[in-house]
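J.: Here's a structure for you.
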Amino acid sequence: MRIIDKVSRIDRRGFLRTTAGAAAVAAIAPAASSTALAEPLSTVSADGAETLVKIARDLYPHDRIADSFYRKAVETIDADVSSSDTPSLLSEGVAALDAAANKLKGKRYVAVADEIDRVAILKSVEGSAFFGKMRGSLVTALYNQKDLWPKLGYEGASFDKGGYIERGFSDIDWL
Amino acid sequence: MAKFDLNDDSVVVVIGSGAGGGTLSNELAQKGINVVCLEAGGRHENSDFINDEWESFSQLAWTDTRTTSGSWRVAKDFPNLPAWIVKAVGGSTTHWAGASLRFQDHEWKARSTYGDVEGAALLDWPIDGAEMAPWYAKAEDKMGTTGTNGIPRLPGNNNFKVLHAGATKLGYKEVHTGNMSINSKPRDERTSCHQLGFCFQGCKMGAKWSTLYTEIPKGEKTGHLEVRPDSQVIQIEHNATGKVTGVVYADKAGKLQRQAARVVAVAGNSIESPRLLLNSHSAMFPNGLANGSGHVGKHYMRHTTGSVYAVFDKPVHMYRGTTMAGIVKDEAHNDPKRGFVGGYELETLSLGVPFMAAFLDPGAWGRDFSWFLDRYDHMAGLWIVGEDMPQENNCITLSADKKDAFGMPVANVHFDDHPNDDAMRNHAYKQGAAIYDAVGALKTFATPPYPSTHNLGTNRMSEKPQDGVVNKWGQSHEVKNLLISDGSQFTSGASENPTLTIVALAIRQANHVAELMAKNDI
């Protein structure tokens with residue numbers, strides 16, 4: 001079968017293509033979330049941006065996917081919110097989430113170490129407009145990134161390559 | 001190419017250029033009848049189509065505001081997108097997957113076959129399988145349907161091979177790559193399928209039949225067909241004797257125009273067609289044009305659908321090749337012992353990553369959800385297409401407060417599943433999962449119905465005028481020179497994808513209308 005290389009990269013500088021590399025990405029990815037965004041966001045502070053990236057990963061967690069994809073998704077949502085009639089949606093949402101985190105765990109959302117605890121905090125604000133905006137927008141802001149598709153094993157457009165008729169449309173070999 | 005005057009009242013005006021309207025337009029033009037086909041959407045040729053799910057959606061989908069109500073999950077997840085259909089020349093034949101199945105004989109007689117199902121408004125069609133057989137044959141020949149007319153079936157892709165292996169292990173017998181109006185070899189000056197995997201986004205090869213590059217250019221070549229894109233009809237007008245005289249439409253600039261007509265055929269799909277009739281109310285037709293019986297907009301059907309996606313430990317790459325690549329027909333018969341009347345088809349389906357994220361389980365988040373997308377290349381998928389029960393309360397109505405750009409009330413789509421629909425869907429989910437479990441699925445997921453692609457029944461055909469909107473020819477019971485030419489004339493939904501039946505009905509209707517016009521009877 002013609003297989004897609006799903007191995008992700010850690011950052012913008014280098015690619016990891018080995019199986020060991022994939023494992024390394026999985027191990028390193030959570031720590032990488034403390035890295036600042038390339039560009040500051042227009043509707044939230046740097047701290048708030050860090051929280052949003054963490055939220056994005058917690059909502060749609062893919063251990064093999066580098067933080068850069070989540071950052072890009074957050075940038076898209078920020079741009080969208082900044083031109084809306086509720087430009088404070090994200091900053092107020094982060095504040096409310098941190099308040100919920102403080103109440104449940106005695107610290108800011110990003111400082112809560114375990115994903116399972118952060119998910120519980122997210123669940124406590126699930127009915128909010130902020131949560132709805134983040135979750136709903138991520139469906140396209142994250143998953144409609146063309147660079148992300150190969151990491152999930154999707155090849156995208158095929159017409160320019162002659163379709164799949166010569167590229168494995170019926171090459172399954174394990175049935 | 002023909003060009004007709006706005007005041008030319010000898011023309012047939014066809015509203016919509018999809019399976020019904022596009023076919024009817026060409027069939028009439030071939031007989032020398034002058035036709036003005038008004039299409040609300042723009043004209044995009046094959047080369048304009050986009051191999052990208054969201055970009056293509058922006059290009060082709062009907063995204064004008066609609067509202068929803070009822071207990072169906074679409075009303076919660078996609079409140080302004082009840083249907084995934086097309087606003088473009090070619091209509092939803094640009095987007096359809098190509099499945100071309102004839103009704104089974106008993107499906108023409110749903111009321112007689114299924115009996116009195118509580119809460120359902122079942123009715124027999126005033127036509128049957130024997131009457132439709134020659135028209136089906138013409139449609140299959142026109143569309144180049146595989147498995148008919150000596151046309152070989154398409155090769156099966158990976159998604160089909162998984163379905164086939166599981167289904168045959170389960171004991172299903174009728175499992176094959178379907179009857180598809182997608183060229184398996186070059187035919188009708190169109191090339192064969194190159195397995196692009198973007199059937200829903202408009203076939204860039206032109207291998208899949210669409211009125212856009214078959215019926216419409218053929219009709220235009222006769223000199224008897226003028227297609228006007230970007231022309232949205234907002235009202236049908238009539239005279240003092242109750243005959244329709246023409247239509248008012250908004251042109252590309254949004255300017256209102258009036259096209260005179262000898263006959264008007266409505267083929268705007270089952271949401272816009274009844275909306276147009278309801279919006280064409282007048283002193284003579286206070287409840288909407290052709291709505292004396294009160295059935296316009298009623299009995300909205302959308303097929304009992306749903307998807308099953310399965311994840312395997314080894315790769316599948318289901319997105320490679322035709323979207324609807326094969327079928328299991330063994331559950332399509334009527335066997336009430338299963339706990340429901342009517343039957344269903346299981347057909348492969350795949351979505352790309354962007355649409356999988358949006359439709360697998362709308363609203364879901366967290367690891368249970370991302371687990372599936374992490375294994376996207378290991379997924380196989382199928383779609384359920386089953387007969388749903390017509391219900392009086394499932395209906396298209398005019399919104400009380402929302403209006404479109406031309407000041408006309410938008411459509412509200414109300415839908416509740418009938419208990420028969422629920423029972424059928426649950427049965428199909430179970431069988432779909434069993435198919436994949438039989439070949440070692442790690443996990444299966446029952447995806448809820450997508451926004452409707454098969455919209456049916458809102459101007460239904462009936463023997464008696466009090467039971468429906470049109471007669472056996474799709475001609476309004478009340479207004480002789482008004483026709484319905486799309487899936488809204490369906491009396492019942494059957495278990496088959498509707499396009500082949502819409503095309504067969506349109507060919508038959510063109511023949512009849514030409515005869516009536518020749519006799520000056522219309």
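Residue numbers start at 1 in each chain; chains themselves are named A, B, ... in the order of the structure tokens; ligands are numbered from 1 in the order shown.
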Tell me which protein, DNA and RNA residues are within 10 Å of A:Gly168, counting only C-alpha atoms, leaving out same-chain ones fewer than 5 positions away, and put them as a list in words.

T.: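 Close residues of A:Gly168: Met1, Arg2, Ile3 and Gly163 of chain A; Asn157, Asn158, Gln195, His317, Arg320 and Gly321 of chain B.
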
J.: Up to 7 Å from chain A, what residues of chain B turn up? Count only C-alpha atoms and give them as a PyMOL selection string.

T.: chain B and resi 51-52+156-158+194-196+316+320-321+353-354+357-358+365-367+370+373-377

J.: Of the candidates B:Ala240, B:Val117, B:Val311, B:Met324, which shows the shortest atom-to-atom distance to B:Pro419, using only C-alpha atoms?

T.: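 Once distances to B:Pro419 are computed over only C-alpha atoms, the minimum belongs to B:Val117.
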
J.: For a quick check of understanding, using only C-alpha atoms, which of A:Ala49, A:Ile116, A:Ile77, A:Leu122 has the smallest distance to A:Ala99?

T.: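 Answer, going by the shortest atom-to-atom distance: A:Leu122.
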
J.: Within stretch 5-175 of chain A, find each residue whose DSSP state, derived from the backbone, is alpha helix (DSSP H), and express the selection as an MDAnalysis selection string.

T.: chainID A and resid 19:32 46:59 67:82 89:105 115:124 129:141 149:152

J.: For the selection you just gave me, I'd like the residues written to a file as a PDB file, in the first residue's frame, keeping C-alpha atoms.

T.:
ATOM      1  CA  THR A  19       9.543   6.422  14.336  1.00  0.00           C
ATOM      2  CA  ALA A  20      11.732   7.485  17.213  1.00  0.00           C
ATOM      3  CA  GLY A  21      11.171  11.055  16.077  1.00  0.00           C
ATOM      4  CA  ALA A  22       7.413  10.608  16.280  1.00  0.00           C
ATOM      5  CA  ALA A  23       7.747   9.344  19.825  1.00  0.00           C
ATOM      6  CA  ALA A  24       9.950  12.298  20.635  1.00  0.00           C
ATOM      7  CA  VAL A  25       7.317  14.694  19.299  1.00  0.00           C
ATOM      8  CA  ALA A  26       4.723  13.065  21.503  1.00  0.00           C
ATOM      9  CA  ALA A  27       6.985  13.487  24.495  1.00  0.00           C
ATOM     10  CA  ILE A  28       8.044  17.022  23.724  1.00  0.00           C
ATOM     11  CA  ALA A  29       4.823  18.544  22.399  1.00  0.00           C
ATOM     12  CA  PRO A  30       3.216  19.405  25.764  1.00  0.00           C
ATOM     13  CA  ALA A  31       6.333  21.209  26.967  1.00  0.00           C
ATOM     14  CA  ALA A  32       6.519  23.154  23.735  1.00  0.00           C
ATOM     15  CA  ALA A  46       0.633  36.994  25.797  1.00  0.00           C
ATOM     16  CA  ASP A  47      -0.411  35.010  28.877  1.00  0.00           C
ATOM     17  CA  GLY A  48      -3.941  34.751  27.546  1.00  0.00           C
ATOM     18  CA  ALA A  49      -2.597  33.555  24.198  1.00  0.00           C
ATOM     19  CA  GLU A  50      -0.669  30.791  25.912  1.00  0.00           C
ATOM     20  CA  THR A  51      -3.862  29.710  27.657  1.00  0.00           C
ATOM     21  CA  LEU A  52      -5.797  29.685  24.385  1.00  0.00           C
ATOM     22  CA  VAL A  53      -3.208  27.443  22.728  1.00  0.00           C
ATOM     23  CA  LYS A  54      -3.453  25.066  25.678  1.00  0.00           C
ATOM     24  CA  ILE A  55      -7.252  25.082  25.452  1.00  0.00           C
ATOM     25  CA  ALA A  56      -7.067  24.359  21.726  1.00  0.00           C
ATOM     26  CA  ARG A  57      -4.890  21.326  22.343  1.00  0.00           C
ATOM     27  CA  ASP A  58      -7.083  20.111  25.194  1.00  0.00           C
ATOM     28  CA  LEU A  59     -10.218  20.422  23.050  1.00  0.00           C
ATOM     29  CA  ASP A  67       1.966  23.376  18.797  1.00  0.00           C
ATOM     30  CA  SER A  68       2.432  25.491  15.681  1.00  0.00           C
ATOM     31  CA  PHE A  69      -0.875  24.177  14.309  1.00  0.00           C
ATOM     32  CA  TYR A  70      -2.735  25.044  17.492  1.00  0.00           C
ATOM     33  CA  ARG A  71      -1.089  28.479  17.534  1.00  0.00           C
ATOM     34  CA  LYS A  72      -2.173  29.117  13.977  1.00  0.00           C
ATOM     35  CA  ALA A  73      -5.717  28.074  14.849  1.00  0.00           C
ATOM     36  CA  VAL A  74      -5.778  30.463  17.802  1.00  0.00           C
ATOM     37  CA  GLU A  75      -4.467  33.271  15.602  1.00  0.00           C
ATOM     38  CA  THR A  76      -7.333  32.616  13.169  1.00  0.00           C
ATOM     39  CA  ILE A  77      -9.921  32.741  15.950  1.00  0.00           C
ATOM     40  CA  ASP A  78      -8.355  35.885  17.421  1.00  0.00           C
ATOM     41  CA  ALA A  79      -8.529  37.641  14.053  1.00  0.00           C
ATOM     42  CA  ASP A  80     -12.140  36.579  13.687  1.00  0.00           C
ATOM     43  CA  VAL A  81     -13.090  37.805  17.176  1.00  0.00           C
ATOM     44  CA  SER A  82     -11.226  41.103  16.789  1.00  0.00           C
ATOM     45  CA  LEU A  89     -14.896  37.400  24.152  1.00  0.00           C
ATOM     46  CA  LEU A  90     -11.516  35.659  24.356  1.00  0.00           C
ATOM     47  CA  SER A  91      -9.900  37.817  27.055  1.00  0.00           C
ATOM     48  CA  GLU A  92     -12.987  37.579  29.270  1.00  0.00           C
ATOM     49  CA  GLY A  93     -13.274  33.880  28.511  1.00  0.00           C
ATOM     50  CA  VAL A  94      -9.682  33.244  29.568  1.00  0.00           C
ATOM     51  CA  ALA A  95     -10.260  35.237  32.773  1.00  0.00           C
ATOM     52  CA  ALA A  96     -13.384  33.217  33.551  1.00  0.00           C
ATOM     53  CA  LEU A  97     -11.577  29.957  32.807  1.00  0.00           C
ATOM     54  CA  ASP A  98      -8.666  30.930  35.059  1.00  0.00           C
ATOM     55  CA  ALA A  99     -11.167  31.805  37.773  1.00  0.00           C
ATOM     56  CA  ALA A 100     -12.725  28.355  37.386  1.00  0.00           C
ATOM     57  CA  ALA A 101      -9.247  26.791  37.477  1.00  0.00           C
ATOM     58  CA  ASN A 102      -8.381  28.743  40.624  1.00  0.00           C
ATOM     59  CA  LYS A 103     -11.558  27.589  42.253  1.00  0.00           C
ATOM     60  CA  LEU A 104     -11.072  23.926  41.338  1.00  0.00           C
ATOM     61  CA  LYS A 105      -7.272  23.600  41.477  1.00  0.00           C
ATOM     62  CA  GLU A 115      -4.948  17.061  31.120  1.00  0.00           C
ATOM     63  CA  ILE A 116      -7.765  15.259  32.917  1.00  0.00           C
ATOM     64  CA  ASP A 117      -7.980  18.102  35.441  1.00  0.00           C
ATOM     65  CA  ARG A 118      -7.912  20.750  32.727  1.00  0.00           C
ATOM     66  CA  VAL A 119     -10.685  18.910  30.871  1.00  0.00           C
ATOM     67  CA  ALA A 120     -12.777  19.010  34.042  1.00  0.00           C
ATOM     68  CA  ILE A 121     -12.229  22.783  34.204  1.00  0.00           C
ATOM     69  CA  LEU A 122     -13.224  23.123  30.541  1.00  0.00           C
ATOM     70  CA  LYS A 123     -16.364  21.097  31.181  1.00  0.00           C
ATOM     71  CA  SER A 124     -17.316  23.562  33.931  1.00  0.00           C
ATOM     72  CA  ALA A 129     -20.178  31.671  24.637  1.00  0.00           C
ATOM     73  CA  PHE A 130     -16.384  31.603  24.960  1.00  0.00           C
ATOM     74  CA  PHE A 131     -16.273  27.816  25.013  1.00  0.00           C
ATOM     75  CA  GLY A 132     -18.737  27.596  22.120  1.00  0.00           C
ATOM     76  CA  LYS A 133     -16.637  29.988  20.065  1.00  0.00           C
ATOM     77  CA  MET A 134     -13.372  28.165  20.731  1.00  0.00           C
ATOM     78  CA  ARG A 135     -14.776  24.698  20.107  1.00  0.00           C
ATOM     79  CA  GLY A 136     -16.881  25.630  17.098  1.00  0.00           C
ATOM     80  CA  SER A 137     -14.190  27.711  15.411  1.00  0.00           C
ATOM     81  CA  LEU A 138     -11.434  25.162  15.969  1.00  0.00           C
ATOM     82  CA  VAL A 139     -13.278  22.676  13.748  1.00  0.00           C
ATOM     83  CA  THR A 140     -12.201  24.755  10.777  1.00  0.00           C
ATOM     84  CA  ALA A 141      -9.371  26.876  12.241  1.00  0.00           C
ATOM     85  CA  TRP A 149      -3.845  17.048   6.659  1.00  0.00           C
ATOM     86  CA  PRO A 150      -0.833  14.822   5.893  1.00  0.00           C
ATOM     87  CA  LYS A 151      -0.190  14.497   9.646  1.00  0.00           C
ATOM     88  CA  LEU A 152      -3.594  12.829   9.904  1.00  0.00           C
TER      89      LEU A 152
END

J.: Find, counting only C-alpha atoms, the residue in B:Leu500, B:Val264, B:Val36, B:Leu346 that gets nearest to B:Arg228.

T.: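 Among B:Leu500, B:Val264, B:Val36, B:Leu346, it is B:Val36 that comes nearest to B:Arg228.
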
J.: Would you work out the distance separating atom CA of B:Leu277 from atom CA of B:Asp401, expressed in Å to one decimal?

T.: 18.2 Å

J.: Give the strand (DSSP E or B) residues of stretch 95-262 of chain B, as DSSP finds them on the backbone, and put them as a ChimeraX atom specification.

T.: /B:99,175-176,180,182,187,190,208,225-228,232-238,244-250,256-260

J.: Can you spit out the residues from that selection as a short mmCIF file (atom, residue, chain, number, x, y, z; two decimals), in the first residue's frame, using C-alpha atoms?

T.:
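Generated file (result_34.cif):
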data_model
loop_
_atom_site.label_atom_id
_atom_site.label_comp_id
_atom_site.auth_asym_id
_atom_site.auth_seq_id
_atom_site.Cartn_x
_atom_site.Cartn_y
_atom_site.Cartn_z
CA ALA B 99 -25.80 6.43 -7.33
CA VAL B 175 -22.59 -6.37 -2.62
CA HIS B 176 -21.04 -4.62 -5.60
CA MET B 180 -23.33 4.66 -10.83
CA ILE B 182 -19.97 7.76 -13.51
CA ARG B 187 -18.83 7.57 -23.15
CA ARG B 190 -16.92 12.38 -21.50
CA LYS B 208 -19.84 11.78 -13.39
CA LEU B 225 -32.76 26.61 -24.80
CA GLU B 226 -31.58 29.74 -23.03
CA VAL B 227 -30.09 29.23 -19.56
CA ARG B 228 -29.94 32.34 -17.40
CA GLN B 232 -33.55 33.71 -8.74
CA VAL B 233 -37.28 33.43 -9.24
CA ILE B 234 -39.18 35.03 -6.37
CA GLN B 235 -42.76 34.78 -7.59
CA ILE B 236 -44.93 33.03 -10.17
CA GLU B 237 -47.74 35.13 -11.62
CA HIS B 238 -51.14 34.11 -12.94
CA VAL B 244 -49.77 31.03 -14.81
CA THR B 245 -48.46 33.73 -17.12
CA GLY B 246 -44.85 34.18 -16.14
CA VAL B 247 -42.38 34.67 -13.34
CA VAL B 248 -40.66 37.51 -11.55
CA TYR B 249 -36.96 36.95 -10.93
CA ALA B 250 -33.99 38.85 -9.58
CA LEU B 256 -36.33 42.41 -10.78
CA GLN B 257 -37.29 41.10 -14.22
CA ARG B 258 -40.50 39.58 -15.49
CA GLN B 259 -40.34 36.65 -17.92
CA ALA B 260 -43.58 35.71 -19.64
#

J.: List as a list in words the protein and nucleic acid residues near B:Ala165, meaning an atom at most 9 Å away when only C-alpha atoms are counted, but skip any in the same chain fewer than 6 places from it.

T.: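 That gives Leu175 of chain A; Ile435, Tyr436, Ala438 and Val439 of chain B.
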
J.: Between B:Glu387, B:Asp467, B:Glu515, B:Glu331, which is the closest to B:Glu107 once you count only C-alpha atoms?

T.: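 Counting only C-alpha atoms, the residue closest to B:Glu107 is B:Glu387.
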
J.: So, with only C-alpha atoms as the atoms that count, which of B:Met301, B:Val469, B:Ala400, B:Ala283 lies closest to B:Gly493?

T.: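 The shortest atom-to-atom distance to B:Gly493 comes from B:Met301.
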
J.: Residues of stretch 203-312 of chain B that have any atom at most 12 Å from an atom of stretch 70-81 of chain B: could you tabulate them with the shortest-distance atom pair and the distance in Å to one decimal, using only C-alpha atoms, ordered by chain and increasing number, as CSV?

T.:
residue,atom,partner,partner_atom,distance
B:Ile271,CA,B:Leu81,CA,11.6
B:Arg302,CA,B:Trp72,CA,11.1
B:Thr304,CA,B:Trp72,CA,11.3
B:Thr305,CA,B:Trp72,CA,11.7
B:Gly306,CA,B:Arg73,CA,11.3

J.: Using only C-alpha atoms, which of B:Lys480, B:Lys472, B:Lys243, B:Lys87 sits nearest B:Asn269?

T.: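 Using only C-alpha atoms, B:Asn269 sits closest to B:Lys87.
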